[in-house]
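> There's a structure below that I have some questions on.
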Amino acid sequence: MVKGFLRDRMALFFIFLFPLLFLVVFGLLLGSPDDDRTKIGVVGDGPVVTALEQTGALELERHGSAADARRKVDDGDLPAAVVVDGNQVDLVFAATDQVAAGTVVGIVSGVVDKVNLGVADVRPVFTLRTVPVEDASLKPIQYLTPGILSWAVSFSGVFGAALTLVSWRKKQVLRRIRLAPVSTTTVLTSRILVSIGTALVQGVVFVAVAMLPLFGLRLTGQWYLALPLLVLGTTAFFAIGMLVGAFCRTEEAASGAANLIIMPMAFLSGTFFPVDNAPGWLQTVSKAFPLRHMNDGMLDVLVRGKGVEALLVPSAVLVAFTLVVGFVATRVFRWED
């Protein structure tokens, strides 16, 4: 079974490299340290410009004249521009981008007020104390790695089972297996073990790539709790693949049906972006998908630092899907066309 799996180079590509491409692309696009800073144009110099640089929230792009900076804003290349001429500070911003405009106006107004207080030597009545804390928010790579890894496991589980069964049925391999002295249970168990081994290798590869300095993934102390989720997730999605393979007659039909199941499930289960801001009814629908629970469990144990208690609900859902869908698949399974 292992030899047959390794000989299929196309399957290896789609199981390992294809999902890994998503991790690399999204990690590069969302992982830049300057992504959180808003770039604005600046003309002139002085204490206001120096204070804007020290905020760390804005990236300043220098321009030689106010006309050049204004042109950048008019063309939509920059959300705002600050023009300093002596004691006069002009802020030009694009009204269409209200989020960026609100951010820039708030920062520039606060900086100008602070500089004015310093120049006037006025003793402030109120004092602000800032206390940084570790919140529960995640950097992009922290969120993407567990989600895309879960999606890769679901992808390989469904496609691997469905396409293998359809191909074996067309080539009469299933018929020969049924007539051979080897039991059906042995063949099915060996195929599931190959899928589980593939999922574990996927996990190692994904985590190793994400932990490169280019991406900077940091695992929690109980990251190893993700291993049972990989095993249970593989069996659940293998059962779904068996069900697809039981109904489809050709590889093309099996591939289309598998895509029809996996791709919508990936987007509705929070694989690429959180679904917390989605409408309430859509969040309820997403909780009916096994991939949603696998994503949540992988996030909790890989990067959120939670313990065994975080595995209870995802494990129960994945086991239930395996039993129910696997039972249905065995009832409708066909050995021959």
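Chain identifiers are assigned as A, B, and so on, following the order in which chains appear in the structure tokens; residues are numbered from 1 within each chain, and ligands are numbered from 1 in order of appearance.
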May I have the residues within 12 Å of Arg178 in chain A as a list in words, using only C-alpha atoms and disregarding those fewer than 5 positions away in the same chain?

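After dropping sequence-adjacent residues, the list is Trp168, Arg169, Gln172, Val173, Ser183, Thr184, Thr185, Thr186, Val187, Leu188, Arg334, Trp335 and Glu336 of chain A.
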
> Let's have the selection written as a PDB file, in the first residue's frame, with N, CA and C atoms.


```
ATOM      1  N   TRP A 168      -9.599   1.741  -8.260  1.00  0.00           N
ATOM      2  CA  TRP A 168      -9.521   0.303  -8.031  1.00  0.00           C
ATOM      3  C   TRP A 168     -10.772  -0.411  -8.550  1.00  0.00           C
ATOM      4  N   ARG A 169     -11.926   0.227  -8.450  1.00  0.00           N
ATOM      5  CA  ARG A 169     -13.152  -0.412  -8.946  1.00  0.00           C
ATOM      6  C   ARG A 169     -13.107  -0.519 -10.474  1.00  0.00           C
ATOM      7  N   GLN A 172     -10.790  -3.246 -11.660  1.00  0.00           N
ATOM      8  CA  GLN A 172     -11.115  -4.573 -11.125  1.00  0.00           C
ATOM      9  C   GLN A 172     -10.195  -4.992  -9.981  1.00  0.00           C
ATOM     10  N   VAL A 173      -9.485  -4.023  -9.387  1.00  0.00           N
ATOM     11  CA  VAL A 173      -8.620  -4.361  -8.254  1.00  0.00           C
ATOM     12  C   VAL A 173      -9.464  -4.767  -7.052  1.00  0.00           C
ATOM     13  N   SER A 183      -8.032 -10.490   3.837  1.00  0.00           N
ATOM     14  CA  SER A 183      -9.342  -9.993   4.269  1.00  0.00           C
ATOM     15  C   SER A 183      -9.534  -8.541   3.875  1.00  0.00           C
ATOM     16  N   THR A 184     -10.788  -8.175   3.691  1.00  0.00           N
ATOM     17  CA  THR A 184     -11.120  -6.782   3.362  1.00  0.00           C
ATOM     18  C   THR A 184     -10.702  -5.837   4.481  1.00  0.00           C
ATOM     19  N   THR A 185     -10.844  -6.279   5.706  1.00  0.00           N
ATOM     20  CA  THR A 185     -10.466  -5.449   6.858  1.00  0.00           C
ATOM     21  C   THR A 185      -8.980  -5.121   6.826  1.00  0.00           C
ATOM     22  N   THR A 186      -8.169  -6.108   6.451  1.00  0.00           N
ATOM     23  CA  THR A 186      -6.724  -5.874   6.377  1.00  0.00           C
ATOM     24  C   THR A 186      -6.387  -4.825   5.328  1.00  0.00           C
ATOM     25  N   VAL A 187      -7.014  -4.913   4.167  1.00  0.00           N
ATOM     26  CA  VAL A 187      -6.753  -3.950   3.098  1.00  0.00           C
ATOM     27  C   VAL A 187      -7.188  -2.546   3.518  1.00  0.00           C
ATOM     28  N   LEU A 188      -8.390  -2.437   4.090  1.00  0.00           N
ATOM     29  CA  LEU A 188      -8.902  -1.142   4.501  1.00  0.00           C
ATOM     30  C   LEU A 188      -8.057  -0.542   5.619  1.00  0.00           C
ATOM     31  N   ARG A 334     -19.898  -0.367  -3.299  1.00  0.00           N
ATOM     32  CA  ARG A 334     -20.018  -1.316  -4.402  1.00  0.00           C
ATOM     33  C   ARG A 334     -18.636  -1.840  -4.780  1.00  0.00           C
ATOM     34  N   TRP A 335     -18.513  -3.146  -4.903  1.00  0.00           N
ATOM     35  CA  TRP A 335     -17.243  -3.733  -5.288  1.00  0.00           C
ATOM     36  C   TRP A 335     -17.001  -3.627  -6.792  1.00  0.00           C
ATOM     37  N   GLU A 336     -18.083  -3.593  -7.575  1.00  0.00           N
ATOM     38  CA  GLU A 336     -17.951  -3.498  -9.020  1.00  0.00           C
ATOM     39  C   GLU A 336     -18.950  -2.475  -9.541  1.00  0.00           C
TER      40      GLU A 336
END
```

> Looking at only C-alpha atoms, which of A:Ala161, A:Ala80, A:Val275, A:Val301 is the one that sits closest to Gln98 in chain A?

A:Ala80

> Range 282-286 of chain A: which residues within 8 Å, counting only C-alpha atoms, same-chain residues fewer than 6 positions away excluded, as a compact mmCIF listing (two decimals) with N, CA and C atoms, in the first residue's frame?


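Contents of part_8.txt, freshly written:
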```txt
# COMPACT_ATOMS: atom_id res chain seq x y z
N MET A 265 -16.26 23.83 2.64
CA MET A 265 -16.02 23.54 4.04
C MET A 265 -14.80 24.29 4.56
N LEU A 268 -15.77 27.99 5.07
CA LEU A 268 -16.77 28.17 6.12
C LEU A 268 -16.30 27.67 7.48
N SER A 269 -15.15 27.04 7.53
CA SER A 269 -14.64 26.49 8.79
C SER A 269 -13.50 27.31 9.37
N VAL A 275 -14.10 33.13 11.16
CA VAL A 275 -15.53 33.24 10.85
C VAL A 275 -16.29 33.87 12.02
N ASP A 276 -15.55 34.44 12.98
CA ASP A 276 -16.21 35.03 14.15
C ASP A 276 -17.08 36.22 13.79
N ARG A 292 -14.35 22.48 10.92
CA ARG A 292 -14.42 23.60 11.86
C ARG A 292 -13.90 23.18 13.24
```

> Near Gly106 in chain A, counting only C-alpha atoms, which residues have an atom at most 12 Å away, once you skip same-chain residues fewer than 4 positions from it, shown as a ChimeraX atom specification?

/A:52,57-58,91,93,98-102,110-113

> Using only C-alpha atoms, which of A:Val125, A:Val43, A:Ala278, A:Val104 sits nearest Pro79 in chain A?

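Ranked by minimum distance to Pro79 in chain A, first place goes to A:Val104.
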
> Rank nothing, just name the residue among A:Gln222, A:Met242, A:Pro213, A:Val48 nearest to Arg191 in chain A, using only C-alpha atoms.

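Among A:Gln222, A:Met242, A:Pro213, A:Val48, it is A:Met242 that comes nearest to Arg191 in chain A.
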
> At a cut-off of 7 Å, using only C-alpha atoms, what residues contact range 195-197 of chain A? Leave out same-chain residues fewer than 2 positions from it and give the result as a ChimeraX atom specification.

/A:157,191-193,199-201,231,234

> So how far away is CA of Phe22 in chain A from CA of Ala310 in chain A, in Å?

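Distance reported for this atom pair: 26.2 Å.
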
> Excluding same-chain residues fewer than 4 positions from Val42 in chain A, what lies within 12 Å of it counting only C-alpha atoms, as a ChimeraX atom specification?

/A:46,48-50,52-53,58-70,72-73,78-85,89-93,108

> Emit the selected residues as an mmCIF file, in the first residue's frame, including N, CA and C atoms.


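Dumped to out_1.cif:
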```cif
data_model
loop_
_atom_site.group_PDB
_atom_site.id
_atom_site.type_symbol
_atom_site.label_atom_id
_atom_site.label_comp_id
_atom_site.auth_asym_id
_atom_site.auth_seq_id
_atom_site.Cartn_x
_atom_site.Cartn_y
_atom_site.Cartn_z
ATOM 1 N N GLY A 46 10.576 69.107 11.403
ATOM 2 C CA GLY A 46 10.272 69.787 12.646
ATOM 3 C C GLY A 46 9.844 68.817 13.731
ATOM 4 N N VAL A 48 6.932 68.086 14.930
ATOM 5 C CA VAL A 48 5.746 67.279 14.630
ATOM 6 C C VAL A 48 6.134 66.037 13.822
ATOM 7 N N VAL A 49 6.977 66.207 12.815
ATOM 8 C CA VAL A 49 7.417 65.079 11.997
ATOM 9 C C VAL A 49 8.235 64.104 12.832
ATOM 10 N N THR A 50 9.105 64.644 13.701
ATOM 11 C CA THR A 50 9.893 63.769 14.573
ATOM 12 C C THR A 50 8.998 62.943 15.488
ATOM 13 N N LEU A 52 5.881 62.118 14.902
ATOM 14 C CA LEU A 52 5.169 61.126 14.095
ATOM 15 C C LEU A 52 6.039 59.897 13.849
ATOM 16 N N GLU A 53 7.341 60.109 13.621
ATOM 17 C CA GLU A 53 8.249 58.988 13.428
ATOM 18 C C GLU A 53 8.351 58.127 14.684
ATOM 19 N N LEU A 58 3.048 54.805 12.108
ATOM 20 C CA LEU A 58 2.995 55.332 10.753
ATOM 21 C C LEU A 58 4.338 55.137 10.065
ATOM 22 N N GLU A 59 4.277 54.808 8.797
ATOM 23 C CA GLU A 59 5.470 54.756 7.966
ATOM 24 C C GLU A 59 5.491 56.018 7.104
ATOM 25 N N LEU A 60 6.524 56.826 7.263
ATOM 26 C CA LEU A 60 6.584 58.126 6.600
ATOM 27 C C LEU A 60 7.317 58.010 5.273
ATOM 28 N N GLU A 61 6.696 58.587 4.244
ATOM 29 C CA GLU A 61 7.307 58.630 2.914
ATOM 30 C C GLU A 61 7.575 60.085 2.579
ATOM 31 N N ARG A 62 8.827 60.447 2.437
ATOM 32 C CA ARG A 62 9.231 61.847 2.245
ATOM 33 C C ARG A 62 8.940 62.309 0.818
ATOM 34 N N HIS A 63 8.497 63.550 0.700
ATOM 35 C CA HIS A 63 8.254 64.180 -0.604
ATOM 36 C C HIS A 63 8.841 65.585 -0.601
ATOM 37 N N GLY A 64 9.259 66.014 -1.793
ATOM 38 C CA GLY A 64 9.904 67.304 -1.895
ATOM 39 C C GLY A 64 8.953 68.485 -1.892
ATOM 40 N N SER A 65 7.715 68.281 -2.306
ATOM 41 C CA SER A 65 6.767 69.394 -2.366
ATOM 42 C C SER A 65 5.378 68.913 -1.969
ATOM 43 N N ALA A 66 4.550 69.886 -1.583
ATOM 44 C CA ALA A 66 3.181 69.559 -1.196
ATOM 45 C C ALA A 66 2.385 69.038 -2.384
ATOM 46 N N ALA A 67 2.700 69.534 -3.579
ATOM 47 C CA ALA A 67 1.983 69.090 -4.774
ATOM 48 C C ALA A 67 2.229 67.606 -5.051
ATOM 49 N N ASP A 68 3.497 67.160 -4.853
ATOM 50 C CA ASP A 68 3.805 65.742 -5.070
ATOM 51 C C ASP A 68 3.058 64.862 -4.077
ATOM 52 N N ALA A 69 3.055 65.277 -2.826
ATOM 53 C CA ALA A 69 2.368 64.490 -1.801
ATOM 54 C C ALA A 69 0.870 64.471 -2.061
ATOM 55 N N ARG A 70 0.292 65.603 -2.440
ATOM 56 C CA ARG A 70 -1.140 65.674 -2.718
ATOM 57 C C ARG A 70 -1.503 64.800 -3.915
ATOM 58 N N LYS A 72 -0.076 62.039 -4.791
ATOM 59 C CA LYS A 72 -0.092 60.654 -4.329
ATOM 60 C C LYS A 72 -1.420 60.307 -3.651
ATOM 61 N N VAL A 73 -1.945 61.242 -2.872
ATOM 62 C CA VAL A 73 -3.219 61.015 -2.190
ATOM 63 C C VAL A 73 -4.361 61.005 -3.198
ATOM 64 N N LEU A 78 -1.499 56.814 -1.562
ATOM 65 C CA LEU A 78 -1.313 57.024 -0.132
ATOM 66 C C LEU A 78 -2.642 57.446 0.486
ATOM 67 N N PRO A 79 -2.922 57.010 1.728
ATOM 68 C CA PRO A 79 -4.185 57.415 2.359
ATOM 69 C C PRO A 79 -4.185 58.843 2.872
ATOM 70 N N ALA A 80 -2.977 59.415 3.105
ATOM 71 C CA ALA A 80 -2.910 60.769 3.668
ATOM 72 C C ALA A 80 -1.516 61.337 3.475
ATOM 73 N N ALA A 81 -1.412 62.654 3.670
ATOM 74 C CA ALA A 81 -0.121 63.338 3.597
ATOM 75 C C ALA A 81 -0.123 64.486 4.601
ATOM 76 N N VAL A 82 0.999 64.660 5.277
ATOM 77 C CA VAL A 82 1.175 65.749 6.241
ATOM 78 C C VAL A 82 2.168 66.749 5.655
ATOM 79 N N VAL A 83 1.740 67.993 5.578
ATOM 80 C CA VAL A 83 2.591 69.064 5.041
ATOM 81 C C VAL A 83 2.874 70.041 6.166
ATOM 82 N N VAL A 84 4.169 70.191 6.532
ATOM 83 C CA VAL A 84 4.586 71.070 7.620
ATOM 84 C C VAL A 84 5.289 72.271 7.007
ATOM 85 N N ASP A 85 4.742 73.469 7.267
ATOM 86 C CA ASP A 85 5.323 74.724 6.782
ATOM 87 C C ASP A 85 5.425 75.675 7.964
ATOM 88 N N VAL A 89 0.523 73.045 10.131
ATOM 89 C CA VAL A 89 0.515 71.626 9.793
ATOM 90 C C VAL A 89 -0.787 71.325 9.049
ATOM 91 N N ASP A 90 -0.666 70.922 7.797
ATOM 92 C CA ASP A 90 -1.833 70.568 6.986
ATOM 93 C C ASP A 90 -1.875 69.053 6.800
ATOM 94 N N LEU A 91 -3.063 68.495 7.001
ATOM 95 C CA LEU A 91 -3.259 67.071 6.809
ATOM 96 C C LEU A 91 -4.266 66.863 5.686
ATOM 97 N N VAL A 92 -3.825 66.209 4.623
ATOM 98 C CA VAL A 92 -4.682 65.897 3.486
ATOM 99 C C VAL A 92 -4.900 64.391 3.481
ATOM 100 N N PHE A 93 -6.144 63.944 3.455
ATOM 101 C CA PHE A 93 -6.411 62.513 3.503
ATOM 102 C C PHE A 93 -7.523 62.150 2.529
ATOM 103 N N VAL A 108 -2.236 61.949 14.050
ATOM 104 C CA VAL A 108 -1.664 63.272 13.795
ATOM 105 C C VAL A 108 -2.220 64.305 14.778
#
```
